[in-house]
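Colleague: Can you read through this structure? Questions will come right after.
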Amino acid sequence: MTTSFFRFSLRTDIYSGSGARTMLPELIRGLGGRRAVLFTDKGVTKAGVTDQINIIFEQVAGPVQLAGVFDEIVQDAKASIVNQAAQFVKTCNADTLIALGGGSVLDTVKGVKWLLHKGQPDIRNILQDNVLENWPEAGPIPITHIAIPTTAGTGSEISPIAVIFNEQLQLKTNLIHPFISADVAILDPELTVHLPPRITAFTGFDALTHAVEAYFSPKANPMTDAFALHSIRLIIDNLPNAVTRGDHLESRAQMLIASSMAIAAFTLSMAVIPVHNFAHVFGAKFGIPHGLANAVLLPNVMAGLPDLYLPRIQDFVRLLGIAVPSQDAEACLSRFVQFIRDFRKNVGLPDTFAEFKLNGDQLQGLVSRVQTDPAGIAYRIPEQVIVKVIKEVSGLDR
């Protein structure tokens, strides 16, 4: 209903375009920063992307200095790494955080920003479950923060949410704070051309899942719908090309934009997110990359929970133009689920987790994990659906 109350805002300034990274020192200076720490991971450094940022500071004389590089961040934004990174900032006497990488790097740096703001030594002591801090109680954090994504999927560069893995609890926790998002996001497609086709594909499916779950959220509104729908169009039009022609800058640029639009829709309508609910559990227990987990799970979860999607599915397929609308909503849902399966196959992604060689013993206890995961608080997935989806995606019947 368009008369229902909703809120829509984007706090992060977005600079998009090839070579946009060269604006980094001036943007930091404009935000009041002087000593920056660059956070990334070994993969980004090995690909030469870290050097592409370092050289900017070496070539541009000015008041902004790169005080240090921390590239020890690993998959899943682990809490212990957040602690180490925060201490590194203090050691470098830095006032600015630069996050360069995929979702794990971007989320880790948000965790660092929040931990420094709290003045605590260990994030695990204050992040043992979902943490939601709202304005005005949660005010601005006076730490200059710029995010530069090297993947097009999580959209974490503009989102006020960080998913941090608390190793002590073996739990992915959501940290939500209106001011942990970056002050500026730089979307430079030249920094994503190093991505292998498979990672390009499953990070793209992460963005697609954000957009789909945003559209079908009970809290969706006309503005989140607009961002979600256009994001899906961009992904459908550009992901296959980005996968097969990795150096195609136009496709890479459009995917970065789609990723940011999708997460904006997702975070500003977030309520019922069953695909992410499952993906968090498979990621935490088996180390399955989040985007790949979403790619495998998306059609199965949609097929398993039709009541969530049937009320809006006919308008959805009509607006996207990817299926001929039917008077039968169930037929529309079936067509879209098949479209997703075909699209997934087209970009070279699997339909199960068979490659991870899961066994029956490992799957014990997954039902309770799915039902108690923080992402499932707003909607408790029925046990029979969980069992059905786990059986379908485990790959044990292959």
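We name chains A, B, ... following the order of the structure tokens; residues begin at 1 in each chain, and ligands are numbered from 1 as shown.
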I want to know what sits within 9 Å of range 113-128 of chain A, based on only C-alpha atoms, with residues of the same chain fewer than 4 positions away left out; could you give that as a list of chain:residue names?

Modeller: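 That gives A:Ala79, A:Ser80, A:Val82, A:Asn83, A:Ala86, A:Gln87, A:Val89, A:Lys90, A:Leu97, A:Thr108, A:Val109, A:Ile141, A:Pro142, A:Ile143, A:His145, A:Ile164, A:Asn166, A:Glu167, A:Gln168, A:Leu169, A:Leu171, A:Thr173, A:Asn174, A:Leu175, A:His177, A:Phe179, A:Ile180.
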
Colleague: Can you tell me which residues surround Lys285 in chain A at a distance of at most 9 Å, considering only C-alpha atoms, apart from same-chain residues fewer than 2 positions away, and format the answer as a JSON list (two decimals) with C-alpha atoms, in the first residue's frame?

Modeller:
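Now in result_37.json:
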```json
[["chain", "number", "residue", "atom", "x", "y", "z"],
["A", 170, "GLN", "CA", 29.98, -20.53, 15.64],
["A", 171, "LEU", "CA", 27.29, -18.00, 14.71],
["A", 280, "HIS", "CA", 24.05, -18.05, 6.78],
["A", 281, "VAL", "CA", 23.77, -21.52, 8.27],
["A", 282, "PHE", "CA", 25.43, -23.31, 5.34],
["A", 283, "GLY", "CA", 28.15, -20.67, 5.28],
["A", 287, "GLY", "CA", 32.46, -22.56, 4.85],
["A", 288, "ILE", "CA", 30.39, -22.22, 1.68],
["A", 362, "GLN", "CA", 27.14, -33.23, 9.02],
["A", 366, "LEU", "CA", 20.75, -28.06, 10.64]]
```

Colleague: Each residue of range 120-170 of chain A lying at most 12 Å from range 234-244 of chain A should get a row with its shortest atom-to-atom pair and the distance in Å to one decimal, counting only C-alpha atoms; could you produce that, ordered by chain and increasing number, as a Markdown table?

Modeller:
```
| residue | atom | partner | partner_atom | distance |
| --- | --- | --- | --- | --- |
| A:Thr151 | CA | A:Ala242 | CA | 11.3 |
| A:Ala152 | CA | A:Leu239 | CA | 9.6 |
| A:Gly153 | CA | A:Ile235 | CA | 10.0 |
```

Colleague: For those residues, write N, CA, C and O atoms to a file as a compact mmCIF listing (two decimals), in the first residue's frame.

Modeller:
```
# COMPACT_ATOMS: atom_id res chain seq x y z
N THR A 151 34.22 -6.77 -5.73
CA THR A 151 33.25 -7.73 -6.26
C THR A 151 31.92 -7.00 -6.38
O THR A 151 31.67 -6.02 -5.69
N ALA A 152 31.08 -7.50 -7.27
CA ALA A 152 29.75 -6.92 -7.45
C ALA A 152 28.74 -7.92 -6.93
O ALA A 152 28.31 -8.80 -7.68
N GLY A 153 28.38 -7.79 -5.65
CA GLY A 153 27.47 -8.77 -5.09
C GLY A 153 26.90 -8.38 -3.75
O GLY A 153 25.69 -8.23 -3.59
```

Colleague: For Ala214 in chain A, which residue among A:Ile273, A:Ala253, A:Leu187, A:Ile199 is the nearest when counting only C-alpha atoms?

Modeller: A:Ile273

Colleague: Report as CSV: every residue of range 88-173 of chain A with an atom at most 12 Å from range 6-29 of chain A, its closest pair of atoms, and their distance in Å to one decimal, counting only C-alpha atoms, with rows sorted by chain and ascending residue number.

Modeller:
```
residue,atom,partner,partner_atom,distance
A:Asp95,CA,A:Ile28,CA,10.0
A:Thr96,CA,A:Ile28,CA,7.6
A:Leu97,CA,A:Ile28,CA,9.4
A:Ile98,CA,A:Leu24,CA,9.2
A:Ala99,CA,A:Leu24,CA,11.6
A:Leu100,CA,A:Arg21,CA,10.6
A:Pro140,CA,A:Arg11,CA,10.9
A:Ile143,CA,A:Ile28,CA,10.7
A:Thr144,CA,A:Ile28,CA,7.1
A:His145,CA,A:Ile28,CA,8.2
A:Ile146,CA,A:Ile28,CA,7.8
A:Ala147,CA,A:Thr12,CA,9.6
A:Ile148,CA,A:Arg21,CA,8.0
A:Pro149,CA,A:Arg21,CA,10.6
A:Thr150,CA,A:Arg21,CA,11.4
A:Gly155,CA,A:Thr12,CA,11.6
A:Ser156,CA,A:Thr12,CA,10.9
A:Glu157,CA,A:Thr12,CA,8.2
A:Ile158,CA,A:Thr12,CA,5.7
A:Ser159,CA,A:Thr12,CA,8.3
A:Pro160,CA,A:Arg11,CA,8.9
```

Colleague: Using backbone DSSP assignments, extract all strand (DSSP E or B) residues from range 61-268 of chain A; output them as a VMD selection string.

Modeller: chain A and resid 65 to 70 78 96 to 101 131 to 132 144 to 149 161 to 166 171 to 176 184 to 187

Colleague: Pull N, CA and C atoms from the residues just selected and write them as a short mmCIF file (atom, residue, chain, number, x, y, z; two decimals), in the first residue's frame.

Modeller:
```cif
data_model
loop_
_atom_site.label_atom_id
_atom_site.label_comp_id
_atom_site.auth_asym_id
_atom_site.auth_seq_id
_atom_site.Cartn_x
_atom_site.Cartn_y
_atom_site.Cartn_z
N GLN A 65 48.15 10.63 4.08
CA GLN A 65 49.16 9.58 4.03
C GLN A 65 48.51 8.21 4.19
N LEU A 66 49.10 7.21 3.56
CA LEU A 66 48.70 5.82 3.79
C LEU A 66 49.59 5.29 4.91
N ALA A 67 49.01 5.18 6.09
CA ALA A 67 49.80 4.85 7.28
C ALA A 67 50.08 3.36 7.42
N GLY A 68 49.33 2.52 6.72
CA GLY A 68 49.55 1.09 6.83
C GLY A 68 48.59 0.29 5.98
N VAL A 69 48.97 -0.96 5.71
CA VAL A 69 48.12 -1.89 4.96
C VAL A 69 47.93 -3.15 5.79
N PHE A 70 46.69 -3.54 5.98
CA PHE A 70 46.33 -4.76 6.72
C PHE A 70 45.60 -5.67 5.75
N LYS A 78 35.52 -12.60 10.26
CA LYS A 78 35.65 -13.23 11.58
C LYS A 78 35.92 -12.19 12.67
N THR A 96 41.50 7.16 9.49
CA THR A 96 40.70 6.86 8.30
C THR A 96 40.78 5.38 7.96
N LEU A 97 39.63 4.80 7.62
CA LEU A 97 39.56 3.40 7.22
C LEU A 97 39.22 3.30 5.74
N ILE A 98 40.04 2.56 5.00
CA ILE A 98 39.75 2.26 3.59
C ILE A 98 39.50 0.76 3.48
N ALA A 99 38.33 0.38 3.02
CA ALA A 99 38.00 -1.04 2.84
C ALA A 99 38.06 -1.36 1.35
N LEU A 100 38.95 -2.27 0.98
CA LEU A 100 39.14 -2.65 -0.41
C LEU A 100 38.95 -4.16 -0.53
N GLY A 101 37.84 -4.58 -1.12
CA GLY A 101 37.64 -6.01 -1.26
C GLY A 101 36.20 -6.39 -1.43
N VAL A 131 22.77 -7.23 16.91
CA VAL A 131 22.81 -5.93 17.57
C VAL A 131 22.17 -4.92 16.64
N LEU A 132 21.11 -4.29 17.10
CA LEU A 132 20.41 -3.26 16.32
C LEU A 132 20.44 -1.96 17.10
N THR A 144 36.61 8.63 9.53
CA THR A 144 36.50 8.69 8.08
C THR A 144 36.56 7.27 7.50
N HIS A 145 35.65 6.98 6.58
CA HIS A 145 35.47 5.59 6.12
C HIS A 145 35.09 5.59 4.64
N ILE A 146 35.95 4.97 3.83
CA ILE A 146 35.68 4.84 2.40
C ILE A 146 35.73 3.37 2.01
N ALA A 147 34.74 2.92 1.25
CA ALA A 147 34.65 1.52 0.82
C ALA A 147 34.82 1.42 -0.68
N ILE A 148 35.64 0.46 -1.11
CA ILE A 148 35.91 0.24 -2.53
C ILE A 148 35.69 -1.24 -2.81
N PRO A 149 34.52 -1.61 -3.33
CA PRO A 149 34.27 -3.04 -3.59
C PRO A 149 35.06 -3.55 -4.77
N ILE A 161 24.65 -2.55 7.54
CA ILE A 161 24.65 -3.87 8.18
C ILE A 161 26.01 -4.53 7.96
N ALA A 162 26.52 -5.17 9.00
CA ALA A 162 27.70 -6.01 8.87
C ALA A 162 27.37 -7.38 9.43
N VAL A 163 27.71 -8.41 8.69
CA VAL A 163 27.53 -9.78 9.18
C VAL A 163 28.90 -10.25 9.68
N ILE A 164 29.01 -10.44 10.98
CA ILE A 164 30.27 -10.82 11.61
C ILE A 164 30.15 -12.24 12.17
N PHE A 165 31.15 -13.06 11.87
CA PHE A 165 31.15 -14.45 12.34
C PHE A 165 31.86 -14.52 13.69
N ASN A 166 31.09 -14.82 14.73
CA ASN A 166 31.64 -15.01 16.07
C ASN A 166 32.09 -16.47 16.18
N LEU A 171 28.54 -18.65 15.10
CA LEU A 171 27.29 -18.00 14.71
C LEU A 171 27.59 -16.73 13.92
N LYS A 172 26.86 -16.55 12.82
CA LYS A 172 26.93 -15.30 12.08
C LYS A 172 25.94 -14.32 12.69
N THR A 173 26.45 -13.20 13.15
CA THR A 173 25.62 -12.21 13.82
C THR A 173 25.49 -10.95 12.95
N ASN A 174 24.35 -10.31 13.06
CA ASN A 174 24.10 -9.08 12.30
C ASN A 174 24.33 -7.86 13.18
N LEU A 175 25.20 -6.98 12.73
CA LEU A 175 25.43 -5.71 13.39
C LEU A 175 24.77 -4.64 12.52
N ILE A 176 23.78 -3.96 13.07
CA ILE A 176 23.02 -2.96 12.32
C ILE A 176 23.12 -1.62 13.04
N VAL A 184 31.79 7.24 1.89
CA VAL A 184 31.88 7.26 0.43
C VAL A 184 32.11 5.85 -0.08
N ALA A 185 31.44 5.49 -1.16
CA ALA A 185 31.70 4.23 -1.87
C ALA A 185 32.23 4.57 -3.26
N ILE A 186 33.33 3.94 -3.63
CA ILE A 186 33.92 4.13 -4.96
C ILE A 186 33.68 2.87 -5.78
N LEU A 187 32.89 2.99 -6.82
CA LEU A 187 32.56 1.86 -7.69
C LEU A 187 33.40 1.97 -8.96
#
```

Colleague: Could you please determine the separation between CA of Thr209 in chain A and CA of Val275 in chain A in Å, to one decimal place?

Modeller: 7.6 Å

Colleague: Find, counting only C-alpha atoms, the residue in A:Met255, A:Arg245, A:Ala226, A:Ala182 that gets nearest to Ala207 in chain A.

Modeller: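 Among the listed residues, A:Met255 lies closest to Ala207 in chain A.
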
Colleague: Taking only C-alpha atoms into account, which of A:Asn300, A:Thr50, A:Gln59, A:Asn93 comes nearest Thr352 in chain A?

Modeller: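 Nearest to Thr352 in chain A: A:Asn300.
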
Colleague: Using only C-alpha atoms, find the one residue out of A:Val296, A:Ala258, A:Val367, A:Ala329 that sits nearest to Lys345 in chain A.

Modeller: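 Closest residue, counting only C-alpha atoms: A:Val296.
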
Colleague: Would you please work out which residue, of A:Tyr379, A:Val387, A:Leu349, A:Ala211, is nearest to Phe316 in chain A when using only C-alpha atoms?

Modeller: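 Among the listed residues, the smallest separation from Phe316 in chain A belongs to A:Ala211.
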
Colleague: Based on the backbone DSSP call, show me all residues of range 25-170 of chain A assigned alpha helix (DSSP H), as a ChimeraX atom specification.

Modeller: /A:25-30,42-46,49-59,79-91,103-118

Colleague: Please list as a VMD selection string every residue within 8 Å of Pro178 in chain A, counting only C-alpha atoms and excluding residues in the same chain fewer than 5 positions away.

Modeller: chain A and resid 133 to 135 138 to 139 160

Colleague: What lies within 10 Å of Leu308 in chain A using only C-alpha atoms, ignoring chain neighbours under 6 positions off, as a PDB file with N, CA and C atoms, in the first residue's frame?

Modeller:
```pdb
ATOM      1  N   GLU A 213      14.646 -10.843  -2.561  1.00  0.00           N
ATOM      2  CA  GLU A 213      14.097 -10.855  -1.204  1.00  0.00           C
ATOM      3  C   GLU A 213      13.562  -9.483  -0.812  1.00  0.00           C
ATOM      4  N   PHE A 216       9.948  -9.084  -2.399  1.00  0.00           N
ATOM      5  CA  PHE A 216       8.903  -9.893  -1.781  1.00  0.00           C
ATOM      6  C   PHE A 216       8.817  -9.705  -0.264  1.00  0.00           C
ATOM      7  N   SER A 217       9.536  -8.729   0.252  1.00  0.00           N
ATOM      8  CA  SER A 217       9.474  -8.446   1.681  1.00  0.00           C
ATOM      9  C   SER A 217       8.132  -7.840   2.062  1.00  0.00           C
ATOM     10  N   PRO A 218       7.594  -8.189   3.226  1.00  0.00           N
ATOM     11  CA  PRO A 218       6.369  -7.538   3.710  1.00  0.00           C
ATOM     12  C   PRO A 218       6.548  -6.039   3.920  1.00  0.00           C
ATOM     13  N   VAL A 272      11.492 -10.501   6.119  1.00  0.00           N
ATOM     14  CA  VAL A 272      11.478 -11.944   5.903  1.00  0.00           C
ATOM     15  C   VAL A 272      12.521 -12.288   4.843  1.00  0.00           C
ATOM     16  N   PRO A 274      14.245 -15.639   4.031  1.00  0.00           N
ATOM     17  CA  PRO A 274      14.525 -17.061   4.237  1.00  0.00           C
ATOM     18  C   PRO A 274      15.722 -17.586   3.461  1.00  0.00           C
ATOM     19  N   MET A 302      12.319 -20.529  -2.811  1.00  0.00           N
ATOM     20  CA  MET A 302      11.121 -19.928  -3.390  1.00  0.00           C
ATOM     21  C   MET A 302      10.065 -20.991  -3.684  1.00  0.00           C
TER      22      MET A 302
END
```
